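J.: This one is data_15.pdb, PDB, C-alpha atoms.
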```
ATOM      1  CA  MET A   1      35.629   7.693 -35.448  1.00  0.00           C
ATOM      2  CA  THR A   2      37.119  10.942 -36.763  1.00  0.00           C
ATOM      3  CA  LYS A   3      36.266  14.626 -36.570  1.00  0.00           C
ATOM      4  CA  LEU A   4      34.530  14.210 -39.928  1.00  0.00           C
ATOM      5  CA  ASP A   5      31.956  11.876 -38.378  1.00  0.00           C
ATOM      6  CA  PHE A   6      30.303  14.124 -35.790  1.00  0.00           C
ATOM      7  CA  GLN A   7      26.497  14.006 -35.799  1.00  0.00           C
ATOM      8  CA  ASP A   8      25.409  17.615 -35.539  1.00  0.00           C
ATOM      9  CA  ARG A   9      26.418  21.253 -35.174  1.00  0.00           C
ATOM     10  CA  LYS A  10      24.548  24.102 -33.526  1.00  0.00           C
ATOM     11  CA  GLU A  11      25.443  27.569 -32.232  1.00  0.00           C
ATOM     12  CA  PHE A  12      24.036  29.169 -29.071  1.00  0.00           C
ATOM     13  CA  ASN A  13      23.759  32.879 -28.357  1.00  0.00           C
ATOM     14  CA  GLY A  14      22.635  35.129 -25.532  1.00  0.00           C
ATOM     15  CA  SER A  15      23.773  35.294 -21.914  1.00  0.00           C
ATOM     16  CA  ILE A  16      26.186  32.690 -20.569  1.00  0.00           C
ATOM     17  CA  LEU A  17      23.490  31.166 -18.361  1.00  0.00           C
ATOM     18  CA  LYS A  18      21.043  30.986 -21.284  1.00  0.00           C
ATOM     19  CA  GLN A  19      23.643  29.317 -23.472  1.00  0.00           C
ATOM     20  CA  VAL A  20      24.481  26.734 -20.795  1.00  0.00           C
ATOM     21  CA  ASP A  21      20.822  25.915 -20.265  1.00  0.00           C
ATOM     22  CA  GLU A  22      20.049  25.598 -23.980  1.00  0.00           C
ATOM     23  CA  ALA A  23      23.238  23.640 -24.721  1.00  0.00           C
ATOM     24  CA  PHE A  24      22.436  21.147 -21.957  1.00  0.00           C
ATOM     25  CA  GLU A  25      18.885  20.643 -23.226  1.00  0.00           C
ATOM     26  CA  TYR A  26      20.197  20.184 -26.759  1.00  0.00           C
ATOM     27  CA  MET A  27      22.749  17.603 -25.620  1.00  0.00           C
ATOM     28  CA  GLN A  28      19.990  15.714 -23.861  1.00  0.00           C
ATOM     29  CA  LEU A  29      18.232  15.326 -27.213  1.00  0.00           C
ATOM     30  CA  HIS A  30      21.213  13.187 -28.239  1.00  0.00           C
ATOM     31  CA  ASN A  31      21.286  11.308 -24.927  1.00  0.00           C
ATOM     32  CA  ALA A  32      19.133   8.283 -25.646  1.00  0.00           C
ATOM     33  CA  ARG A  33      17.652   6.197 -22.835  1.00  0.00           C
ATOM     34  CA  SER A  34      17.688   2.457 -22.389  1.00  0.00           C
ATOM     35  CA  ALA A  35      16.053   0.378 -19.695  1.00  0.00           C
ATOM     36  CA  SER A  36      16.789  -2.419 -17.286  1.00  0.00           C
ATOM     37  CA  PHE A  37      14.251  -4.051 -15.017  1.00  0.00           C
ATOM     38  CA  ILE A  38      14.199  -4.726 -11.288  1.00  0.00           C
ATOM     39  CA  GLY A  39      11.313  -7.106 -10.867  1.00  0.00           C
ATOM     40  CA  LEU A  40       8.495  -5.393 -12.760  1.00  0.00           C
ATOM     41  CA  HIS A  41      10.089  -1.992 -12.287  1.00  0.00           C
ATOM     42  CA  ARG A  42      11.671  -0.295 -15.290  1.00  0.00           C
ATOM     43  CA  ASN A  43      14.906   1.590 -14.559  1.00  0.00           C
ATOM     44  CA  ASP A  44      15.830   4.077 -17.307  1.00  0.00           C
ATOM     45  CA  ILE A  45      19.525   4.713 -17.955  1.00  0.00           C
ATOM     46  CA  THR A  46      20.930   7.323 -20.321  1.00  0.00           C
ATOM     47  CA  GLU A  47      23.710   6.712 -22.837  1.00  0.00           C
ATOM     48  CA  TYR A  48      25.737   9.440 -21.123  1.00  0.00           C
ATOM     49  CA  PRO A  49      25.425  10.047 -17.356  1.00  0.00           C
ATOM     50  CA  ILE A  50      23.336  13.211 -16.990  1.00  0.00           C
ATOM     51  CA  PHE A  51      25.525  14.419 -14.136  1.00  0.00           C
ATOM     52  CA  ALA A  52      28.689  14.019 -16.220  1.00  0.00           C
ATOM     53  CA  VAL A  53      27.195  15.935 -19.156  1.00  0.00           C
ATOM     54  CA  ARG A  54      26.076  18.789 -16.915  1.00  0.00           C
ATOM     55  CA  GLU A  55      29.324  18.916 -14.943  1.00  0.00           C
ATOM     56  CA  ALA A  56      31.549  18.875 -18.031  1.00  0.00           C
ATOM     57  CA  LEU A  57      29.494  21.622 -19.677  1.00  0.00           C
ATOM     58  CA  VAL A  58      29.440  23.846 -16.594  1.00  0.00           C
ATOM     59  CA  ASN A  59      33.169  23.343 -15.984  1.00  0.00           C
ATOM     60  CA  ALA A  60      33.932  24.360 -19.564  1.00  0.00           C
ATOM     61  CA  VAL A  61      32.034  27.622 -19.083  1.00  0.00           C
ATOM     62  CA  VAL A  62      33.336  28.428 -15.593  1.00  0.00           C
ATOM     63  CA  HIS A  63      37.014  27.672 -16.221  1.00  0.00           C
ATOM     64  CA  ARG A  64      37.509  28.899 -19.803  1.00  0.00           C
ATOM     65  CA  ASP A  65      39.786  31.822 -20.612  1.00  0.00           C
ATOM     66  CA  TYR A  66      37.549  34.701 -21.693  1.00  0.00           C
ATOM     67  CA  SER A  67      40.495  36.718 -23.026  1.00  0.00           C
ATOM     68  CA  PHE A  68      40.080  34.521 -26.121  1.00  0.00           C
ATOM     69  CA  SER A  69      37.105  35.274 -28.373  1.00  0.00           C
ATOM     70  CA  GLY A  70      36.565  31.745 -29.644  1.00  0.00           C
ATOM     71  CA  SER A  71      33.655  29.505 -28.691  1.00  0.00           C
ATOM     72  CA  ILE A  72      33.412  26.431 -26.500  1.00  0.00           C
ATOM     73  CA  LEU A  73      33.007  23.462 -28.839  1.00  0.00           C
ATOM     74  CA  ILE A  74      30.761  20.457 -28.255  1.00  0.00           C
ATOM     75  CA  HIS A  75      31.286  17.537 -30.626  1.00  0.00           C
ATOM     76  CA  ILE A  76      28.671  14.772 -30.547  1.00  0.00           C
ATOM     77  CA  PHE A  77      29.787  11.502 -32.124  1.00  0.00           C
ATOM     78  CA  ASP A  78      28.178   8.065 -32.310  1.00  0.00           C
ATOM     79  CA  ASN A  79      30.261   6.789 -29.399  1.00  0.00           C
ATOM     80  CA  ARG A  80      31.298   9.863 -27.385  1.00  0.00           C
ATOM     81  CA  ILE A  81      30.825  13.540 -26.597  1.00  0.00           C
ATOM     82  CA  GLU A  82      33.795  15.902 -26.604  1.00  0.00           C
ATOM     83  CA  ILE A  83      33.608  19.301 -24.878  1.00  0.00           C
ATOM     84  CA  VAL A  84      36.469  21.618 -25.804  1.00  0.00           C
ATOM     85  CA  SER A  85      37.062  24.661 -23.601  1.00  0.00           C
ATOM     86  CA  ILE A  86      39.458  27.506 -24.423  1.00  0.00           C
ATOM     87  CA  GLY A  87      42.228  27.949 -21.892  1.00  0.00           C
ATOM     88  CA  GLY A  88      44.490  25.252 -20.490  1.00  0.00           C
ATOM     89  CA  LEU A  89      45.205  24.734 -16.830  1.00  0.00           C
ATOM     90  CA  VAL A  90      45.491  27.720 -14.521  1.00  0.00           C
ATOM     91  CA  GLN A  91      49.188  28.612 -14.210  1.00  0.00           C
ATOM     92  CA  GLY A  92      50.859  26.661 -11.429  1.00  0.00           C
ATOM     93  CA  LEU A  93      48.404  23.736 -11.431  1.00  0.00           C
ATOM     94  CA  THR A  94      48.918  20.334 -13.004  1.00  0.00           C
ATOM     95  CA  LEU A  95      46.389  17.787 -14.227  1.00  0.00           C
ATOM     96  CA  VAL A  96      47.194  15.655 -11.179  1.00  0.00           C
ATOM     97  CA  ASP A  97      46.380  18.627  -8.938  1.00  0.00           C
ATOM     98  CA  ILE A  98      42.894  19.156 -10.350  1.00  0.00           C
ATOM     99  CA  GLU A  99      42.148  15.420 -10.426  1.00  0.00           C
ATOM    100  CA  LEU A 100      42.912  15.432  -6.690  1.00  0.00           C
ATOM    101  CA  GLY A 101      40.410  18.228  -6.152  1.00  0.00           C
ATOM    102  CA  ILE A 102      42.605  21.345  -6.121  1.00  0.00           C
ATOM    103  CA  SER A 103      40.483  24.256  -7.347  1.00  0.00           C
ATOM    104  CA  GLN A 104      41.613  27.646  -8.628  1.00  0.00           C
ATOM    105  CA  SER A 105      38.990  29.391 -10.718  1.00  0.00           C
ATOM    106  CA  ARG A 106      39.889  31.775 -13.517  1.00  0.00           C
ATOM    107  CA  ASN A 107      36.505  33.435 -13.153  1.00  0.00           C
ATOM    108  CA  PRO A 108      35.591  33.501  -9.437  1.00  0.00           C
ATOM    109  CA  ARG A 109      32.535  35.754  -9.838  1.00  0.00           C
ATOM    110  CA  LEU A 110      31.066  33.545 -12.542  1.00  0.00           C
ATOM    111  CA  ALA A 111      31.897  30.433 -10.498  1.00  0.00           C
ATOM    112  CA  ASN A 112      30.147  31.927  -7.467  1.00  0.00           C
ATOM    113  CA  CYS A 113      27.067  32.753  -9.559  1.00  0.00           C
ATOM    114  CA  ILE A 114      26.912  29.207 -10.955  1.00  0.00           C
ATOM    115  CA  TYR A 115      27.418  27.808  -7.448  1.00  0.00           C
ATOM    116  CA  ARG A 116      24.524  29.880  -6.082  1.00  0.00           C
ATOM    117  CA  MET A 117      22.326  28.450  -8.838  1.00  0.00           C
ATOM    118  CA  LYS A 118      23.355  24.977  -7.582  1.00  0.00           C
ATOM    119  CA  TRP A 119      24.804  24.042 -10.975  1.00  0.00           C
ATOM    120  CA  ILE A 120      28.036  23.327  -9.048  1.00  0.00           C
ATOM    121  CA  GLU A 121      27.642  21.075  -6.017  1.00  0.00           C
ATOM    122  CA  SER A 122      31.072  21.807  -4.524  1.00  0.00           C
ATOM    123  CA  TYR A 123      34.303  23.388  -5.725  1.00  0.00           C
ATOM    124  CA  GLY A 124      37.141  21.211  -6.957  1.00  0.00           C
ATOM    125  CA  THR A 125      35.188  17.953  -7.295  1.00  0.00           C
ATOM    126  CA  GLY A 126      34.124  18.144 -10.955  1.00  0.00           C
ATOM    127  CA  LEU A 127      36.499  15.642 -12.569  1.00  0.00           C
ATOM    128  CA  GLN A 128      36.287  13.254  -9.612  1.00  0.00           C
ATOM    129  CA  ARG A 129      32.498  13.241  -9.765  1.00  0.00           C
ATOM    130  CA  ILE A 130      32.469  12.771 -13.525  1.00  0.00           C
ATOM    131  CA  LYS A 131      34.599   9.655 -12.997  1.00  0.00           C
ATOM    132  CA  GLU A 132      32.286   8.452 -10.224  1.00  0.00           C
ATOM    133  CA  SER A 133      29.275   8.733 -12.513  1.00  0.00           C
ATOM    134  CA  TYR A 134      30.936   6.124 -14.776  1.00  0.00           C
ATOM    135  CA  LEU A 135      31.730   3.590 -12.038  1.00  0.00           C
ATOM    136  CA  ASP A 136      29.060   1.188 -13.312  1.00  0.00           C
ATOM    137  CA  SER A 137      30.153   1.460 -16.938  1.00  0.00           C
ATOM    138  CA  LYS A 138      32.761  -0.492 -18.887  1.00  0.00           C
ATOM    139  CA  THR A 139      33.776   2.752 -20.608  1.00  0.00           C
ATOM    140  CA  GLN A 140      35.484   5.601 -18.754  1.00  0.00           C
ATOM    141  CA  PRO A 141      35.793   9.369 -19.317  1.00  0.00           C
ATOM    142  CA  TYR A 142      39.129  11.045 -19.917  1.00  0.00           C
ATOM    143  CA  TRP A 143      40.583  14.484 -20.639  1.00  0.00           C
ATOM    144  CA  ASN A 144      43.267  15.991 -22.822  1.00  0.00           C
ATOM    145  CA  VAL A 145      45.072  19.219 -21.891  1.00  0.00           C
ATOM    146  CA  GLY A 146      46.747  21.577 -24.348  1.00  0.00           C
ATOM    147  CA  PRO A 147      48.576  24.873 -23.719  1.00  0.00           C
ATOM    148  CA  ASN A 148      45.320  26.759 -24.339  1.00  0.00           C
ATOM    149  CA  SER A 149      42.641  24.076 -24.312  1.00  0.00           C
ATOM    150  CA  PHE A 150      40.984  21.517 -22.084  1.00  0.00           C
ATOM    151  CA  VAL A 151      39.008  18.659 -23.632  1.00  0.00           C
ATOM    152  CA  VAL A 152      36.649  16.406 -21.684  1.00  0.00           C
ATOM    153  CA  VAL A 153      35.690  13.175 -23.467  1.00  0.00           C
ATOM    154  CA  LEU A 154      32.533  11.398 -22.304  1.00  0.00           C
ATOM    155  CA  PRO A 155      32.209   7.937 -23.886  1.00  0.00           C
ATOM    156  CA  LYS A 156      28.874   6.260 -24.382  1.00  0.00           C
ATOM    157  CA  ASN A 157      27.914   4.079 -21.428  1.00  0.00           C
ATOM    158  CA  GLU A 158      28.339   0.325 -21.685  1.00  0.00           C
ATOM    159  CA  PHE A 159      26.538  -1.188 -18.722  1.00  0.00           C
ATOM    160  CA  VAL A 160      26.478  -4.740 -17.483  1.00  0.00           C
ATOM    161  CA  TYR A 161      22.806  -5.154 -16.654  1.00  0.00           C
ATOM    162  CA  ALA A 162      21.473  -7.212 -13.801  1.00  0.00           C
ATOM    163  CA  SER A 163      20.049 -10.638 -14.590  1.00  0.00           C
ATOM    164  CA  ARG A 164      16.441 -11.516 -13.850  1.00  0.00           C
ATOM    165  CA  ASN A 165      17.509 -13.384 -10.699  1.00  0.00           C
ATOM    166  CA  ASP A 166      19.522 -10.359  -9.544  1.00  0.00           C
ATOM    167  CA  SER A 167      16.513  -8.118 -10.127  1.00  0.00           C
ATOM    168  CA  LEU A 168      14.258 -10.378  -8.065  1.00  0.00           C
ATOM    169  CA  GLU A 169      16.824 -10.367  -5.253  1.00  0.00           C
ATOM    170  CA  ILE A 170      16.797  -6.548  -5.204  1.00  0.00           C
ATOM    171  CA  VAL A 171      12.999  -6.488  -4.900  1.00  0.00           C
ATOM    172  CA  GLN A 172      13.159  -9.087  -2.131  1.00  0.00           C
ATOM    173  CA  TRP A 173      15.836  -7.080  -0.327  1.00  0.00           C
ATOM    174  CA  ILE A 174      13.622  -3.971  -0.354  1.00  0.00           C
ATOM    175  CA  GLU A 175      10.616  -6.018   0.783  1.00  0.00           C
ATOM    176  CA  GLU A 176      12.554  -7.236   3.820  1.00  0.00           C
ATOM    177  CA  LYS A 177      13.481  -3.719   4.956  1.00  0.00           C
ATOM    178  CA  GLU A 178      11.185  -1.537   7.043  1.00  0.00           C
ATOM    179  CA  THR A 179      13.382   1.400   6.065  1.00  0.00           C
ATOM    180  CA  PHE A 180      16.742   1.713   4.343  1.00  0.00           C
ATOM    181  CA  THR A 181      19.267   4.335   3.270  1.00  0.00           C
ATOM    182  CA  SER A 182      20.825   4.964  -0.116  1.00  0.00           C
ATOM    183  CA  LYS A 183      24.193   3.873   1.320  1.00  0.00           C
ATOM    184  CA  GLU A 184      22.732   0.533   2.427  1.00  0.00           C
ATOM    185  CA  LEU A 185      21.376  -0.029  -1.077  1.00  0.00           C
ATOM    186  CA  GLU A 186      24.742   0.977  -2.579  1.00  0.00           C
ATOM    187  CA  ASP A 187      26.507  -1.588  -0.407  1.00  0.00           C
ATOM    188  CA  TYR A 188      24.009  -4.300  -1.292  1.00  0.00           C
ATOM    189  CA  LEU A 189      24.144  -3.658  -5.045  1.00  0.00           C
ATOM    190  CA  ASP A 190      27.867  -2.832  -5.061  1.00  0.00           C
ATOM    191  CA  LYS A 191      27.004   0.080  -7.341  1.00  0.00           C
ATOM    192  CA  SER A 192      27.967   3.745  -7.383  1.00  0.00           C
ATOM    193  CA  LYS A 193      25.951   6.398  -5.583  1.00  0.00           C
ATOM    194  CA  PHE A 194      24.999   7.897  -8.942  1.00  0.00           C
ATOM    195  CA  PHE A 195      23.485   4.616 -10.148  1.00  0.00           C
ATOM    196  CA  VAL A 196      21.631   4.183  -6.848  1.00  0.00           C
ATOM    197  CA  ARG A 197      20.498   7.832  -6.813  1.00  0.00           C
ATOM    198  CA  ASN A 198      18.891   7.396 -10.261  1.00  0.00           C
ATOM    199  CA  LEU A 199      17.348   4.102  -9.187  1.00  0.00           C
ATOM    200  CA  LEU A 200      15.870   5.631  -6.002  1.00  0.00           C
ATOM    201  CA  GLU A 201      14.473   8.604  -7.919  1.00  0.00           C
ATOM    202  CA  SER A 202      12.866   6.262 -10.428  1.00  0.00           C
ATOM    203  CA  LEU A 203      11.440   3.958  -7.733  1.00  0.00           C
ATOM    204  CA  THR A 204      10.074   6.976  -5.844  1.00  0.00           C
ATOM    205  CA  LYS A 205       8.496   8.441  -8.975  1.00  0.00           C
ATOM    206  CA  ASP A 206       6.799   5.106  -9.705  1.00  0.00           C
ATOM    207  CA  GLY A 207       5.396   4.953  -6.172  1.00  0.00           C
ATOM    208  CA  MET A 208       7.310   1.837  -5.136  1.00  0.00           C
ATOM    209  CA  ILE A 209       9.148   3.581  -2.301  1.00  0.00           C
ATOM    210  CA  LYS A 210       8.734   6.797  -0.320  1.00  0.00           C
ATOM    211  CA  ARG A 211      11.438   9.178   0.832  1.00  0.00           C
ATOM    212  CA  ILE A 212      11.346  10.349   4.443  1.00  0.00           C
ATOM    213  CA  GLY A 213      13.618  12.822   6.226  1.00  0.00           C
ATOM    214  CA  GLU A 214      16.160  15.244   4.786  1.00  0.00           C
ATOM    215  CA  GLY A 215      19.931  15.406   4.419  1.00  0.00           C
ATOM    216  CA  ARG A 216      21.844  12.744   6.319  1.00  0.00           C
ATOM    217  CA  ALA A 217      18.624  11.611   7.985  1.00  0.00           C
ATOM    218  CA  THR A 218      17.080  10.634   4.621  1.00  0.00           C
ATOM    219  CA  ARG A 219      15.654   7.114   4.541  1.00  0.00           C
ATOM    220  CA  TYR A 220      13.291   5.202   2.273  1.00  0.00           C
ATOM    221  CA  ILE A 221      10.302   2.990   3.003  1.00  0.00           C
ATOM    222  CA  ARG A 222       8.682   0.548   0.611  1.00  0.00           C
ATOM    223  CA  LYS A 223       5.115   1.059  -0.609  1.00  0.00           C
ATOM    224  CA  PHE A 224       4.471  -2.330  -2.196  1.00  0.00           C
TER     225      PHE A 224
END
```
Can the structure in the file be given as structure tokens, please?
T.:
Amino acid sequence: MTKLDFQDRKEFNGSILKQVDEAFEYMQLHNARSASFIGLHRNDITEYPIFAVREALVNAVVHRDYSFSGSILIHIFDNRIEIVSIGGLVQGLTLVDIELGISQSRNPRLANCIYRMKWIESYGTGLQRIKESYLDSKTQPYWNVGPNSFVVVLPKNEFVYASRNDSLEIVQWIEEKETFTSKELEDYLDKSKFFVRNLLESLTKDGMIKRIGEGRATRYIRKF
């Protein structure tokens, strides 16, 4: 797949926040959903983890070098999304540093604004959390760093779906629990917290389980 094969091109204007919001919505139009089933319950999964798309886009905006006048580029291919931000690593930091969670923002005021909007969950965890969102996929994200550029590549998900017997076991496991936590379900499924978070949200929306409590005290009870 070459640069000549990208699917679409679109420009966004207006405030930075407006551009981020519109770019994310546009990218979601290219983020097709597929489904797996747990018992009779349908679990929708996107081709690209929604968290990874959002995090990569926000990071590109927050950490770019605004002394350059060029635009952030988003290339959408059949098998991947590439987000190209202007500005390499902040001087003094290496790729290993930022993968370990070291954070030094070029634009602290913008970063603080984005953080207050809860578009950033915590500083310095972006690349780690993008990787975590792919834990259940056979494909993995990666990044390329140039002197004045940073490219995040998000490959299309390739999941190994649960068999019918596995799905029935999950339903039976929930049936046997008076209450359970997301961590307990993670351990049982041996899946990432992002996979389980999406599953819990879907099960809650469909009325199969109910969320009780907040924060660390959050638990779930079955409703079937």
J.: With only C-alpha atoms as the basis for distance, which of A:Val171, A:Leu203, A:Met27, A:Ile74 is at the shortest distance from A:Leu189?
T.: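 Of A:Val171, A:Leu203, A:Met27, A:Ile74, the one nearest A:Leu189, counting only C-alpha atoms, is A:Val171.
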J.: With the PyMOL selection byres ((chain A and resi 51-58) around 7) as the selection, what would be picked from this file? Answer as number ranges by chain, please.
T.: A: 24, 48-50, 59-62, 126, 130, 133, 152
J.: Those selected residues, please, written with C-alpha atoms and delivered as an mmCIF file, in the frame of the given file.
T.:
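This is the output file result-v2.cif:
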```cif
data_model
loop_
_atom_site.group_PDB
_atom_site.id
_atom_site.type_symbol
_atom_site.label_atom_id
_atom_site.label_comp_id
_atom_site.auth_asym_id
_atom_site.auth_seq_id
_atom_site.Cartn_x
_atom_site.Cartn_y
_atom_site.Cartn_z
ATOM 1 C CA PHE A 24 22.436 21.147 -21.957
ATOM 2 C CA TYR A 48 25.737 9.440 -21.123
ATOM 3 C CA PRO A 49 25.425 10.047 -17.356
ATOM 4 C CA ILE A 50 23.336 13.211 -16.990
ATOM 5 C CA ASN A 59 33.169 23.343 -15.984
ATOM 6 C CA ALA A 60 33.932 24.360 -19.564
ATOM 7 C CA VAL A 61 32.034 27.622 -19.083
ATOM 8 C CA VAL A 62 33.336 28.428 -15.593
ATOM 9 C CA GLY A 126 34.124 18.144 -10.955
ATOM 10 C CA ILE A 130 32.469 12.771 -13.525
ATOM 11 C CA SER A 133 29.275 8.733 -12.513
ATOM 12 C CA VAL A 152 36.649 16.406 -21.684
#
```
J.: Mind pulling up the distance from atom CA of A:Ile72 to atom CA of A:Ser85?
T.: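 Separation of atom CA of A:Ser85 and atom CA of A:Ile72: 5.0 Å.
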J.: Take the point (48.8, 27.1, -13.4) as written in the file and pick out every residue within 12 Å of it, counting all atoms listed in the file; give the list as a VMD selection string.
T.: chain A and resid 87 to 98 102 to 106 147 to 148
J.: Go ahead and compute the interatomic distance for atom CA of A:Tyr142 and atom CA of A:Leu154, in Å to one decimal.
T.: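 If I compute the distance from atom CA of A:Tyr142 to atom CA of A:Leu154, I get 7.0 Å.
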J.: Could you list, as a PyMOL selection string, every residue within 9 Å of A:Thr139, counting only C-alpha atoms and ignoring same-chain residues fewer than 4 positions away?
T.: chain A and resi 134-135+154-159
J.: Can you work out the spacing between atom CA of A:Cys113 and atom CA of A:Asp21 in Å, to one decimal?
T.: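 If I compute the distance from atom CA of A:Cys113 to atom CA of A:Asp21, I get 14.2 Å.
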J.: Quick check on the file I pasted: which residues fall under the PyMOL selection byres ((chain A and resi 193) around 9)? Write them as a PDB file with C-alpha atoms, in the coordinates of the input.
T.:
```
ATOM      1  CA  GLU A 132      32.286   8.452 -10.224  1.00  0.00           C
ATOM      2  CA  SER A 133      29.275   8.733 -12.513  1.00  0.00           C
ATOM      3  CA  SER A 182      20.825   4.964  -0.116  1.00  0.00           C
ATOM      4  CA  LYS A 183      24.193   3.873   1.320  1.00  0.00           C
ATOM      5  CA  GLU A 186      24.742   0.977  -2.579  1.00  0.00           C
ATOM      6  CA  LYS A 191      27.004   0.080  -7.341  1.00  0.00           C
ATOM      7  CA  SER A 192      27.967   3.745  -7.383  1.00  0.00           C
ATOM      8  CA  PHE A 194      24.999   7.897  -8.942  1.00  0.00           C
ATOM      9  CA  PHE A 195      23.485   4.616 -10.148  1.00  0.00           C
ATOM     10  CA  VAL A 196      21.631   4.183  -6.848  1.00  0.00           C
ATOM     11  CA  ARG A 197      20.498   7.832  -6.813  1.00  0.00           C
ATOM     12  CA  ASN A 198      18.891   7.396 -10.261  1.00  0.00           C
TER      13      ASN A 198
END
```
J.: Measuring between all atoms listed in the file, which one of A:Leu73, A:Gly146, A:Arg64, A:Lys138 shows the shortest distance to A:Asn107?
T.: A:Arg64
J.: Choose the residue, out of A:Asp78, A:Glu47, A:Asp187, A:Glu178, that has the smallest atom-to-atom separation from A:Lys223; count only C-alpha atoms.
T.: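 For A:Lys223, the nearest of the given residues is A:Glu178.
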